[in-house]
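Shown below: query_0.cif, with mmCIF, C-alpha atoms and all ligand atoms.
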data_model
loop_
_atom_site.group_PDB
_atom_site.id
_atom_site.type_symbol
_atom_site.label_atom_id
_atom_site.label_comp_id
_atom_site.auth_asym_id
_atom_site.auth_seq_id
_atom_site.Cartn_x
_atom_site.Cartn_y
_atom_site.Cartn_z
ATOM 1 C CA MET G 127 -13.923 23.288 0.218
ATOM 2 C CA LYS G 128 -13.952 19.578 -0.594
ATOM 3 C CA ARG G 129 -10.693 17.903 -1.558
ATOM 4 C CA ARG G 130 -10.623 17.370 -5.297
ATOM 5 C CA ILE G 131 -9.466 14.302 -7.196
ATOM 6 C CA LEU G 132 -9.167 14.191 -10.979
ATOM 7 C CA VAL G 133 -10.557 10.850 -12.183
ATOM 8 C CA THR G 134 -9.697 9.789 -15.722
ATOM 9 C CA ASP G 135 -12.355 7.290 -16.901
ATOM 10 C CA GLY G 136 -14.931 8.955 -14.657
ATOM 11 C CA ALA G 137 -17.610 8.004 -17.215
ATOM 12 C CA GLY G 138 -16.426 4.398 -17.536
ATOM 13 C CA TYR G 139 -17.185 1.387 -15.407
ATOM 14 C CA ILE G 140 -14.551 1.505 -12.698
ATOM 15 C CA GLY G 141 -14.033 5.264 -12.806
ATOM 16 C CA SER G 142 -17.710 6.065 -12.290
ATOM 17 C CA HIS G 143 -17.914 3.743 -9.276
ATOM 18 C CA THR G 144 -14.750 5.354 -7.929
ATOM 19 C CA CYS G 145 -16.339 8.809 -8.326
ATOM 20 C CA LYS G 146 -19.330 7.674 -6.327
ATOM 21 C CA TYR G 147 -17.095 6.280 -3.581
ATOM 22 C CA LEU G 148 -15.039 9.472 -3.474
ATOM 23 C CA PHE G 149 -18.163 11.635 -3.307
ATOM 24 C CA HIS G 150 -19.507 9.694 -0.337
ATOM 25 C CA HIS G 151 -16.157 9.928 1.455
ATOM 26 C CA GLY G 152 -15.828 13.691 1.414
ATOM 27 C CA PHE G 153 -14.071 14.314 -1.908
ATOM 28 C CA GLU G 154 -15.126 16.091 -5.058
ATOM 29 C CA PRO G 155 -14.331 13.856 -8.041
ATOM 30 C CA ILE G 156 -13.596 15.705 -11.274
ATOM 31 C CA CYS G 157 -14.516 13.370 -14.115
ATOM 32 C CA TYR G 158 -12.179 13.605 -17.100
ATOM 33 C CA ASP G 159 -13.202 11.346 -19.987
ATOM 34 C CA ASN G 160 -13.352 11.575 -23.780
ATOM 35 C CA LEU G 161 -16.453 9.314 -23.859
ATOM 36 C CA VAL G 162 -14.904 6.982 -26.426
ATOM 37 C CA HIS G 163 -16.254 4.101 -24.340
ATOM 38 C CA GLY G 164 -17.760 6.006 -21.420
ATOM 39 C CA HIS G 165 -21.340 7.023 -20.689
ATOM 40 C CA ARG G 166 -22.307 10.600 -19.884
ATOM 41 C CA ASP G 167 -25.155 9.254 -17.684
ATOM 42 C CA PHE G 168 -22.575 7.683 -15.360
ATOM 43 C CA VAL G 169 -21.263 11.100 -14.333
ATOM 44 C CA LYS G 170 -23.356 11.955 -11.264
ATOM 45 C CA TRP G 171 -20.955 12.697 -8.462
ATOM 46 C CA GLY G 172 -19.066 15.783 -9.559
ATOM 47 C CA PRO G 173 -18.293 18.008 -12.537
ATOM 48 C CA PHE G 174 -17.708 16.521 -15.967
ATOM 49 C CA GLU G 175 -14.874 17.725 -18.161
ATOM 50 C CA GLU G 176 -14.825 16.119 -21.571
ATOM 51 C CA GLY G 177 -11.242 15.655 -22.644
ATOM 52 C CA ASP G 178 -8.577 13.290 -23.842
ATOM 53 C CA ILE G 179 -5.566 12.237 -21.793
ATOM 54 C CA ASN G 180 -3.495 12.796 -24.952
ATOM 55 C CA ASP G 181 -4.482 16.482 -24.978
ATOM 56 C CA SER G 182 -2.005 18.344 -22.782
ATOM 57 C CA GLN G 183 -3.611 21.772 -23.273
ATOM 58 C CA ARG G 184 -6.961 20.479 -22.119
ATOM 59 C CA LEU G 185 -5.351 18.719 -19.149
ATOM 60 C CA HIS G 186 -3.587 21.930 -18.142
ATOM 61 C CA SER G 187 -6.783 23.952 -18.290
ATOM 62 C CA VAL G 188 -8.766 21.405 -16.240
ATOM 63 C CA ILE G 189 -5.992 21.125 -13.633
ATOM 64 C CA ASP G 190 -5.762 24.927 -13.449
ATOM 65 C CA LYS G 191 -9.530 25.192 -13.044
ATOM 66 C CA TYR G 192 -9.913 22.665 -10.200
ATOM 67 C CA ARG G 193 -6.427 22.339 -8.646
ATOM 68 C CA PRO G 194 -6.907 18.632 -7.760
ATOM 69 C CA GLU G 195 -4.635 17.255 -5.068
ATOM 70 C CA ALA G 196 -4.321 13.873 -6.781
ATOM 71 C CA VAL G 197 -5.173 11.941 -9.919
ATOM 72 C CA MET G 198 -6.822 8.546 -10.146
ATOM 73 C CA HIS G 199 -5.934 7.315 -13.604
ATOM 74 C CA PHE G 200 -8.125 4.595 -15.112
ATOM 75 C CA ALA G 201 -8.635 5.807 -18.696
ATOM 76 C CA ALA G 202 -7.321 3.264 -21.176
ATOM 77 C CA TYR G 203 -8.196 0.848 -23.913
ATOM 78 C CA ALA G 204 -8.569 -2.535 -22.291
ATOM 79 C CA TYR G 205 -9.478 -5.188 -24.858
ATOM 80 C CA VAL G 206 -6.779 -7.875 -25.010
ATOM 81 C CA GLY G 207 -7.824 -9.230 -28.431
ATOM 82 C CA GLU G 208 -7.957 -5.792 -30.012
ATOM 83 C CA SER G 209 -4.544 -4.975 -28.548
ATOM 84 C CA MET G 210 -3.097 -7.920 -30.491
ATOM 85 C CA SER G 211 -4.600 -6.888 -33.820
ATOM 86 C CA ASP G 212 -3.922 -3.154 -33.324
ATOM 87 C CA PRO G 213 -1.094 -2.671 -30.798
ATOM 88 C CA MET G 214 -0.353 0.861 -32.045
ATOM 89 C CA LYS G 215 -3.770 1.954 -30.809
ATOM 90 C CA TYR G 216 -2.917 0.619 -27.341
ATOM 91 C CA TYR G 217 0.584 2.030 -27.048
ATOM 92 C CA ARG G 218 -0.623 5.398 -28.327
ATOM 93 C CA ASN G 219 -3.619 5.713 -26.045
ATOM 94 C CA ASN G 220 -2.399 3.953 -22.936
ATOM 95 C CA VAL G 221 1.319 4.730 -22.896
ATOM 96 C CA TYR G 222 1.456 8.064 -24.707
ATOM 97 C CA GLY G 223 -1.747 9.226 -22.996
ATOM 98 C CA SER G 224 -0.352 8.361 -19.564
ATOM 99 C CA MET G 225 2.915 10.083 -20.402
ATOM 100 C CA THR G 226 1.001 13.221 -21.388
ATOM 101 C CA LEU G 227 -1.001 13.067 -18.168
ATOM 102 C CA LEU G 228 2.120 12.605 -16.027
ATOM 103 C CA GLN G 229 3.814 15.495 -17.796
ATOM 104 C CA ALA G 230 0.837 17.760 -17.104
ATOM 105 C CA MET G 231 0.938 16.673 -13.445
ATOM 106 C CA CYS G 232 4.647 17.495 -13.214
ATOM 107 C CA GLU G 233 4.141 20.865 -14.896
ATOM 108 C CA ARG G 234 1.255 21.752 -12.573
ATOM 109 C CA ASP G 235 2.747 20.287 -9.397
ATOM 110 C CA VAL G 236 0.152 17.566 -8.847
ATOM 111 C CA GLN G 237 2.248 14.890 -7.192
ATOM 112 C CA LYS G 238 -0.032 12.016 -6.252
ATOM 113 C CA ILE G 239 -1.447 9.388 -8.580
ATOM 114 C CA VAL G 240 -3.270 6.083 -8.277
ATOM 115 C CA PHE G 241 -2.771 4.181 -11.502
ATOM 116 C CA SER G 242 -5.082 1.445 -12.701
ATOM 117 C CA SER G 243 -2.750 -1.235 -13.967
ATOM 118 C CA THR G 244 -3.941 -4.781 -14.465
ATOM 119 C CA CYS G 245 -3.368 -8.437 -13.575
ATOM 120 C CA ALA G 246 -2.455 -8.822 -17.268
ATOM 121 C CA THR G 247 1.013 -7.457 -16.408
ATOM 122 C CA TYR G 248 1.746 -10.810 -14.723
ATOM 123 C CA GLY G 249 1.174 -12.879 -17.850
ATOM 124 C CA VAL G 250 1.012 -16.649 -17.263
ATOM 125 C CA PRO G 251 1.378 -17.152 -13.502
ATOM 126 C CA GLU G 252 3.946 -19.561 -12.076
ATOM 127 C CA THR G 253 2.057 -19.783 -8.778
ATOM 128 C CA ILE G 254 -1.580 -19.396 -7.829
ATOM 129 C CA PRO G 255 -2.686 -17.382 -5.959
ATOM 130 C CA ILE G 256 -0.368 -14.848 -7.568
ATOM 131 C CA PRO G 257 1.694 -12.932 -5.009
ATOM 132 C CA VAL G 258 1.994 -9.219 -5.694
ATOM 133 C CA GLU G 259 5.779 -9.558 -6.140
ATOM 134 C CA HIS G 260 5.355 -12.256 -8.834
ATOM 135 C CA ALA G 261 7.448 -11.623 -11.979
ATOM 136 C CA GLN G 262 5.671 -9.433 -14.518
ATOM 137 C CA GLN G 263 5.817 -11.018 -17.969
ATOM 138 C CA PRO G 264 2.773 -9.837 -19.898
ATOM 139 C CA VAL G 265 1.825 -11.869 -22.951
ATOM 140 C CA ASP G 266 -0.155 -9.292 -24.934
ATOM 141 C CA PRO G 267 0.217 -5.630 -25.963
ATOM 142 C CA TYR G 268 -2.498 -4.520 -23.530
ATOM 143 C CA GLY G 269 -0.547 -5.943 -20.570
ATOM 144 C CA ARG G 270 2.735 -4.658 -21.969
ATOM 145 C CA SER G 271 1.297 -1.151 -22.378
ATOM 146 C CA LYS G 272 0.264 -1.179 -18.711
ATOM 147 C CA LEU G 273 3.630 -2.505 -17.555
ATOM 148 C CA ALA G 274 5.357 0.270 -19.518
ATOM 149 C CA ILE G 275 3.284 2.812 -17.579
ATOM 150 C CA GLU G 276 4.129 1.169 -14.247
ATOM 151 C CA ARG G 277 7.834 1.447 -15.110
ATOM 152 C CA MET G 278 7.393 5.055 -16.276
ATOM 153 C CA LEU G 279 5.705 5.879 -12.992
ATOM 154 C CA ARG G 280 8.580 4.365 -11.024
ATOM 155 C CA ASP G 281 11.118 6.410 -13.009
ATOM 156 C CA TYR G 282 9.072 9.584 -12.514
ATOM 157 C CA THR G 283 8.955 8.897 -8.776
ATOM 158 C CA TYR G 284 12.740 8.886 -8.545
ATOM 159 C CA ALA G 285 13.266 11.802 -10.900
ATOM 160 C CA TYR G 286 10.351 14.163 -10.253
ATOM 161 C CA GLY G 287 8.956 13.185 -6.859
ATOM 162 C CA ILE G 288 5.642 11.916 -8.208
ATOM 163 C CA ARG G 289 4.124 9.588 -5.605
ATOM 164 C CA GLY G 290 1.898 6.811 -6.798
ATOM 165 C CA CYS G 291 0.664 3.291 -6.528
ATOM 166 C CA CYS G 292 -0.443 0.770 -9.125
ATOM 167 C CA LEU G 293 -3.533 -1.414 -8.800
ATOM 168 C CA ARG G 294 -3.123 -4.796 -10.511
ATOM 169 C CA TYR G 295 -6.596 -6.142 -10.151
ATOM 170 C CA PHE G 296 -8.442 -8.914 -11.934
ATOM 171 C CA ASN G 297 -11.932 -8.973 -13.429
ATOM 172 C CA ALA G 298 -14.069 -6.468 -11.599
ATOM 173 C CA ALA G 299 -17.773 -7.306 -11.695
ATOM 174 C CA GLY G 300 -21.129 -6.113 -10.486
ATOM 175 C CA SER G 301 -22.699 -2.825 -9.610
ATOM 176 C CA ASP G 302 -22.748 -0.415 -6.716
ATOM 177 C CA PRO G 303 -25.182 -1.730 -4.049
ATOM 178 C CA GLU G 304 -27.787 0.934 -4.929
ATOM 179 C CA CYS G 305 -27.637 -0.006 -8.649
ATOM 180 C CA GLU G 306 -27.159 3.617 -9.655
ATOM 181 C CA LEU G 307 -24.346 2.681 -12.030
ATOM 182 C CA GLY G 308 -23.339 -0.769 -13.241
ATOM 183 C CA GLU G 309 -21.214 -2.383 -15.919
ATOM 184 C CA TRP G 310 -21.834 -1.386 -19.519
ATOM 185 C CA HIS G 311 -19.161 -2.444 -21.976
ATOM 186 C CA GLU G 312 -19.726 -2.892 -25.692
ATOM 187 C CA PRO G 313 -18.584 -5.504 -26.493
ATOM 188 C CA GLU G 314 -18.557 -7.170 -23.095
ATOM 189 C CA THR G 315 -15.412 -9.285 -22.757
ATOM 190 C CA HIS G 316 -15.155 -9.654 -19.014
ATOM 191 C CA LEU G 317 -15.515 -13.107 -17.511
ATOM 192 C CA ILE G 318 -18.395 -12.725 -15.074
ATOM 193 C CA PRO G 319 -20.849 -10.598 -17.116
ATOM 194 C CA SER G 320 -20.088 -12.679 -20.227
ATOM 195 C CA ASN G 321 -20.892 -15.892 -18.353
ATOM 196 C CA LEU G 322 -24.086 -14.354 -16.987
ATOM 197 C CA GLU G 323 -25.091 -13.346 -20.528
ATOM 198 C CA ILE G 324 -24.593 -16.959 -21.680
ATOM 199 C CA VAL G 325 -26.637 -18.300 -18.759
ATOM 200 C CA ILE G 326 -29.441 -15.760 -19.326
ATOM 201 C CA CYS G 327 -29.531 -16.451 -23.090
ATOM 202 C CA ALA G 328 -29.503 -20.223 -22.530
ATOM 203 C CA GLY G 329 -32.186 -19.975 -19.843
HETATM 204 N N1 LIG M 1 -12.888 -3.888 -15.738
HETATM 205 C C1 LIG M 1 -11.974 -4.718 -15.232
HETATM 206 O O1 LIG M 1 -12.294 -5.839 -14.816
HETATM 207 C C2 LIG M 1 -10.528 -4.301 -15.142
HETATM 208 C C3 LIG M 1 -9.594 -5.196 -14.582
HETATM 209 C C4 LIG M 1 -8.271 -4.772 -14.451
HETATM 210 C C5 LIG M 1 -7.897 -3.515 -14.868
HETATM 211 N N2 LIG M 1 -8.824 -2.682 -15.429
HETATM 212 C C6 LIG M 1 -8.390 -1.345 -15.850
HETATM 213 O O2 LIG M 1 -9.277 -0.421 -15.263
HETATM 214 C C7 LIG M 1 -9.431 0.695 -16.112
HETATM 215 C C8 LIG M 1 -10.890 1.001 -16.335
HETATM 216 O O3 LIG M 1 -11.535 -0.142 -16.860
HETATM 217 P P1 LIG M 1 -13.098 -0.097 -17.144
HETATM 218 O O4 LIG M 1 -13.594 -1.486 -17.082
HETATM 219 O O5 LIG M 1 -13.711 0.959 -16.312
HETATM 220 O O6 LIG M 1 -13.071 0.357 -18.662
HETATM 221 P P2 LIG M 1 -14.152 1.249 -19.458
HETATM 222 O O7 LIG M 1 -13.946 0.969 -20.906
HETATM 223 O O8 LIG M 1 -15.502 1.093 -18.865
HETATM 224 O O9 LIG M 1 -13.653 2.703 -19.149
HETATM 225 C C9 LIG M 1 -12.569 3.282 -19.787
HETATM 226 C C10 LIG M 1 -12.890 4.742 -19.865
HETATM 227 O O10 LIG M 1 -11.747 5.469 -20.301
HETATM 228 C C11 LIG M 1 -12.174 6.422 -21.249
HETATM 229 N N3 LIG M 1 -11.027 6.691 -22.113
HETATM 230 C C12 LIG M 1 -10.349 5.820 -22.901
HETATM 231 N N4 LIG M 1 -9.347 6.444 -23.538
HETATM 232 C C13 LIG M 1 -9.391 7.738 -23.120
HETATM 233 C C14 LIG M 1 -8.617 8.885 -23.418
HETATM 234 N N5 LIG M 1 -7.601 8.839 -24.308
HETATM 235 N N6 LIG M 1 -8.906 10.048 -22.807
HETATM 236 C C15 LIG M 1 -9.942 10.119 -21.932
HETATM 237 N N7 LIG M 1 -10.727 9.072 -21.621
HETATM 238 C C16 LIG M 1 -10.451 7.894 -22.216
HETATM 239 C C17 LIG M 1 -13.355 5.773 -21.971
HETATM 240 O O11 LIG M 1 -14.225 6.709 -22.575
HETATM 241 C C18 LIG M 1 -14.036 5.041 -20.826
HETATM 242 O O12 LIG M 1 -14.990 5.848 -20.161
HETATM 243 C C19 LIG M 1 -8.662 0.393 -17.382
HETATM 244 O O13 LIG M 1 -7.422 1.069 -17.291
HETATM 245 C C20 LIG M 1 -8.440 -1.097 -17.332
HETATM 246 O O14 LIG M 1 -7.226 -1.443 -17.945
HETATM 247 C C21 LIG M 1 -10.129 -3.047 -15.569
#
In C-alpha cells, write the structure found in this file.
Ligand SMILES: NC(=O)c1ccc[n+]([C@@H]2O[C@H](COP(=O)([O-])OP(=O)(O)OC[C@H]3O[C@@H](n4cnc5c(N)ncnc54)[C@H](O)[C@@H]3O)[C@@H](O)[C@H]2O)c1
Amino acid sequence: MKRRILVTDGAGYIGSHTCKYLFHHGFEPICYDNLVHGHRDFVKWGPFEEGDINDSQRLHSVIDKYRPEAVMHFAAYAYVGESMSDPMKYYRNNVYGSMTLLQAMCERDVQKIVFSSTCATYGVPETIPIPVEHAQQPVDPYGRSKLAIERMLRDYTYAYGIRGCCLRYFNAAGSDPECELGEWHEPETHLIPSNLEIVICAG
C-alpha cells in the first residue's frame, strides 16, 4: 500500500502541485479542500474529500478512512488586503482552522505535519536576503495569523509530540512542467502573474 499524506488545499494552487509531486514520488495524496477558492479539476493525483479544516467531525472521518501518516497543511485565506479589512475572517479560518486540524491529528495520533507559513511573517526585513532566523514581525493580519499557527505548532511539539516544519516561502509562480495544473487565483494578487497580466494586456 502507498504511504498516504493528507493535503489540505489539494485543490488549490500549491496544494495541487504538491499532490502531483507526492503521487510521482510513491505517495498517495488525499486531497482535503472545501473548494472555497480551489478547483475540483485540479484534483487528479489521489482521492478527493470535500471538507473544511474547521470541521472536526469531517476531519476525524477522513483520517479514520485513510490513516495518513502525515499532513501537509496549506489551506488558508491568503489575501493581505482582505485580511486588513476583515481580520476576523483570517483568524477564524487560518488560526481556528489550523487548531481544529491539529486537535484532530492529536486525537487520531497523526504526528507529522508540514505547515505552509509565509514570508509575510517576517514583515519589513532588516536585511536582504532575509535569513531564516530573521525576527518575525508581521505587519498585517494575514502574516500574524500564520505566525500564530507557527507558535501553536511549536507549543504542540513540546506538549503533544507533534513533529512539524514551517515553510516561509515567497511568491510562488508558474506551472508544473507538463502544464497539467497551473495558477488560477481570482483575483490574482501575486507579483509574477499580475505583472505578466499587465504585460499581456499592454502588448
Ligand atoms: N501562492 C504563494 O505564492 C504563497 C506564498 C507563500 C505562502 N503561501 C501559502 O500557501 C498556501 C496555499 O496558497 P495557494 O496559493 O495555493 O492558495 P489557493 O487560494 O490557491 O489555495 C488555498 C486552498 O485552500 C482551500 N481552503 C481555504 N480555506 C479552507 C478551509 N477552511 N477548509 C478547507 N480548504 C480550505 C481553498 O479552497 C483553496 O483550494 C496558503 O496557506 C498560503 O498562505 C502561498
List the neighbours of Tyr158 of chain G out to 8 Å using only C-alpha atoms; skip same-chain residues closer than 3 positions along the sequence, and give me the result as a PyMOL selection string.
chain G and resi 132-137+174-178
So which residues are near ligand LIG 1 (chain M), meaning at most 8 Å away with only C-alpha atoms and all ligand atoms counted, given back as a PDB file with C-alpha atoms, in the coordinates of the input?
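As a result, result.pdb now contains:
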ATOM      1  CA  THR G 134      -9.697   9.789 -15.722  1.00  0.00           C
ATOM      2  CA  ASP G 135     -12.355   7.290 -16.901  1.00  0.00           C
ATOM      3  CA  GLY G 136     -14.931   8.955 -14.657  1.00  0.00           C
ATOM      4  CA  ALA G 137     -17.610   8.004 -17.215  1.00  0.00           C
ATOM      5  CA  GLY G 138     -16.426   4.398 -17.536  1.00  0.00           C
ATOM      6  CA  TYR G 139     -17.185   1.387 -15.407  1.00  0.00           C
ATOM      7  CA  ILE G 140     -14.551   1.505 -12.698  1.00  0.00           C
ATOM      8  CA  GLY G 141     -14.033   5.264 -12.806  1.00  0.00           C
ATOM      9  CA  SER G 142     -17.710   6.065 -12.290  1.00  0.00           C
ATOM     10  CA  TYR G 158     -12.179  13.605 -17.100  1.00  0.00           C
ATOM     11  CA  ASP G 159     -13.202  11.346 -19.987  1.00  0.00           C
ATOM     12  CA  ASN G 160     -13.352  11.575 -23.780  1.00  0.00           C
ATOM     13  CA  LEU G 161     -16.453   9.314 -23.859  1.00  0.00           C
ATOM     14  CA  VAL G 162     -14.904   6.982 -26.426  1.00  0.00           C
ATOM     15  CA  HIS G 163     -16.254   4.101 -24.340  1.00  0.00           C
ATOM     16  CA  GLY G 164     -17.760   6.006 -21.420  1.00  0.00           C
ATOM     17  CA  HIS G 165     -21.340   7.023 -20.689  1.00  0.00           C
ATOM     18  CA  GLU G 176     -14.825  16.119 -21.571  1.00  0.00           C
ATOM     19  CA  GLY G 177     -11.242  15.655 -22.644  1.00  0.00           C
ATOM     20  CA  ASP G 178      -8.577  13.290 -23.842  1.00  0.00           C
ATOM     21  CA  ILE G 179      -5.566  12.237 -21.793  1.00  0.00           C
ATOM     22  CA  ASN G 180      -3.495  12.796 -24.952  1.00  0.00           C
ATOM     23  CA  HIS G 199      -5.934   7.315 -13.604  1.00  0.00           C
ATOM     24  CA  PHE G 200      -8.125   4.595 -15.112  1.00  0.00           C
ATOM     25  CA  ALA G 201      -8.635   5.807 -18.696  1.00  0.00           C
ATOM     26  CA  ALA G 202      -7.321   3.264 -21.176  1.00  0.00           C
ATOM     27  CA  TYR G 203      -8.196   0.848 -23.913  1.00  0.00           C
ATOM     28  CA  ALA G 204      -8.569  -2.535 -22.291  1.00  0.00           C
ATOM     29  CA  ASN G 219      -3.619   5.713 -26.045  1.00  0.00           C
ATOM     30  CA  ASN G 220      -2.399   3.953 -22.936  1.00  0.00           C
ATOM     31  CA  GLY G 223      -1.747   9.226 -22.996  1.00  0.00           C
ATOM     32  CA  SER G 242      -5.082   1.445 -12.701  1.00  0.00           C
ATOM     33  CA  SER G 243      -2.750  -1.235 -13.967  1.00  0.00           C
ATOM     34  CA  THR G 244      -3.941  -4.781 -14.465  1.00  0.00           C
ATOM     35  CA  CYS G 245      -3.368  -8.437 -13.575  1.00  0.00           C
ATOM     36  CA  ALA G 246      -2.455  -8.822 -17.268  1.00  0.00           C
ATOM     37  CA  TYR G 268      -2.498  -4.520 -23.530  1.00  0.00           C
ATOM     38  CA  LYS G 272       0.264  -1.179 -18.711  1.00  0.00           C
ATOM     39  CA  LEU G 293      -3.533  -1.414  -8.800  1.00  0.00           C
ATOM     40  CA  ARG G 294      -3.123  -4.796 -10.511  1.00  0.00           C
ATOM     41  CA  TYR G 295      -6.596  -6.142 -10.151  1.00  0.00           C
ATOM     42  CA  PHE G 296      -8.442  -8.914 -11.934  1.00  0.00           C
ATOM     43  CA  ASN G 297     -11.932  -8.973 -13.429  1.00  0.00           C
ATOM     44  CA  ALA G 298     -14.069  -6.468 -11.599  1.00  0.00           C
ATOM     45  CA  ALA G 299     -17.773  -7.306 -11.695  1.00  0.00           C
ATOM     46  CA  GLU G 309     -21.214  -2.383 -15.919  1.00  0.00           C
ATOM     47  CA  TRP G 310     -21.834  -1.386 -19.519  1.00  0.00           C
ATOM     48  CA  HIS G 311     -19.161  -2.444 -21.976  1.00  0.00           C
ATOM     49  CA  HIS G 316     -15.155  -9.654 -19.014  1.00  0.00           C
TER      50      HIS G 316
END
Counting only C-alpha atoms, which residues sit no farther than 12 Å from the position (-19.2, 19.5, -11.8) in the file's frame? I'd like them as a PyMOL selection string.
chain G and resi 130-132+136+145+149+154-158+169-176+188+191-192
Could you take the residues named above and write them with C-alpha atoms, as a short mmCIF file (atom, residue, chain, number, x, y, z; two decimals), in the coordinates of the input?
data_model
loop_
_atom_site.label_atom_id
_atom_site.label_comp_id
_atom_site.auth_asym_id
_atom_site.auth_seq_id
_atom_site.Cartn_x
_atom_site.Cartn_y
_atom_site.Cartn_z
CA ARG G 130 -10.62 17.37 -5.30
CA ILE G 131 -9.47 14.30 -7.20
CA LEU G 132 -9.17 14.19 -10.98
CA GLY G 136 -14.93 8.96 -14.66
CA CYS G 145 -16.34 8.81 -8.33
CA PHE G 149 -18.16 11.64 -3.31
CA GLU G 154 -15.13 16.09 -5.06
CA PRO G 155 -14.33 13.86 -8.04
CA ILE G 156 -13.60 15.70 -11.27
CA CYS G 157 -14.52 13.37 -14.12
CA TYR G 158 -12.18 13.60 -17.10
CA VAL G 169 -21.26 11.10 -14.33
CA LYS G 170 -23.36 11.96 -11.26
CA TRP G 171 -20.96 12.70 -8.46
CA GLY G 172 -19.07 15.78 -9.56
CA PRO G 173 -18.29 18.01 -12.54
CA PHE G 174 -17.71 16.52 -15.97
CA GLU G 175 -14.87 17.73 -18.16
CA GLU G 176 -14.82 16.12 -21.57
CA VAL G 188 -8.77 21.40 -16.24
CA LYS G 191 -9.53 25.19 -13.04
CA TYR G 192 -9.91 22.66 -10.20
#
Just say which residues the PyMOL selection byres (((chain G and resi 276-278) around 10) and not hetatm) picks in this file, as a list in words.
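Here the PyMOL selection byres (((chain G and resi 276-278) around 10) and not hetatm) matches Val221, Ser224, Met225, Leu228, Phe241, Ser242, Ser243, Thr247, Arg270, Ser271, Lys272, Leu273, Ala274, Ile275, Leu279, Arg280, Asp281, Tyr282, Thr283, Gly290, Cys291, Cys292 and Leu293 of chain G.
Protein and nucleic acid residues near (-21.4, 1.6, -8.0) are Tyr139, Ile140, Gly141, Ser142, His143, Thr144, Cys145, Lys146, Tyr147, Phe168, Gly300, Ser301, Asp302, Pro303, Glu304, Cys305, Glu306, Leu307, Gly308 and Glu309 of chain G, the criterion being any atom at most 10 Å away using all atoms listed in the file.
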If you measure from atom CA of Ser211 of chain G to atom CA of Ser320 of chain G, what distance in Å do you get, rounded to one decimal?
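Atom-to-atom, atom CA of Ser211 of chain G to atom CA of Ser320 of chain G, that is 21.4 Å.
The two atoms in question, atom CA of Leu227 of chain G and atom CA of Asp167 of chain G, are spaced 24.5 Å apart.
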Record the distance separating atom CA of Val240 of chain G and atom CA of Val265 of chain G, expressed in Å with one decimal.
23.7 Å
The centre and edge lengths of an axis-aligned box containing all atoms of segment 314-326 of chain G present in the file, extended by 6 Å on each side, are to be given in Å to one decimal, as lines of an AutoDock Vina configuration file.
center_x = -22.3
center_y = -12.7
center_z = -19.1
size_x = 26.3
size_y = 23.1
size_z = 20.0
Residue contacts of Glu195 of chain G (10 Å, all atoms listed in the file) excluding same-chain residues fewer than 5 positions away, as a list of chain:residue names
G:Arg129, G:Arg130, G:Ile131, G:Leu132, G:Ile189, G:Asp235, G:Val236, G:Gln237, G:Lys238, G:Ile239
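In terms of minimum interatomic distance to Tyr248 of chain G, G:His260 ranks closest within G:Arg218, G:His150, G:His260, G:Arg289, counting only C-alpha atoms.
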So, with only C-alpha atoms as the atoms that count, which of G:Leu317, G:Leu322, G:Met231, G:Ala285 lies closest to Pro194 of chain G?
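Comparing G:Leu317, G:Leu322, G:Met231, G:Ala285 against Pro194 of chain G, the winner is G:Met231.
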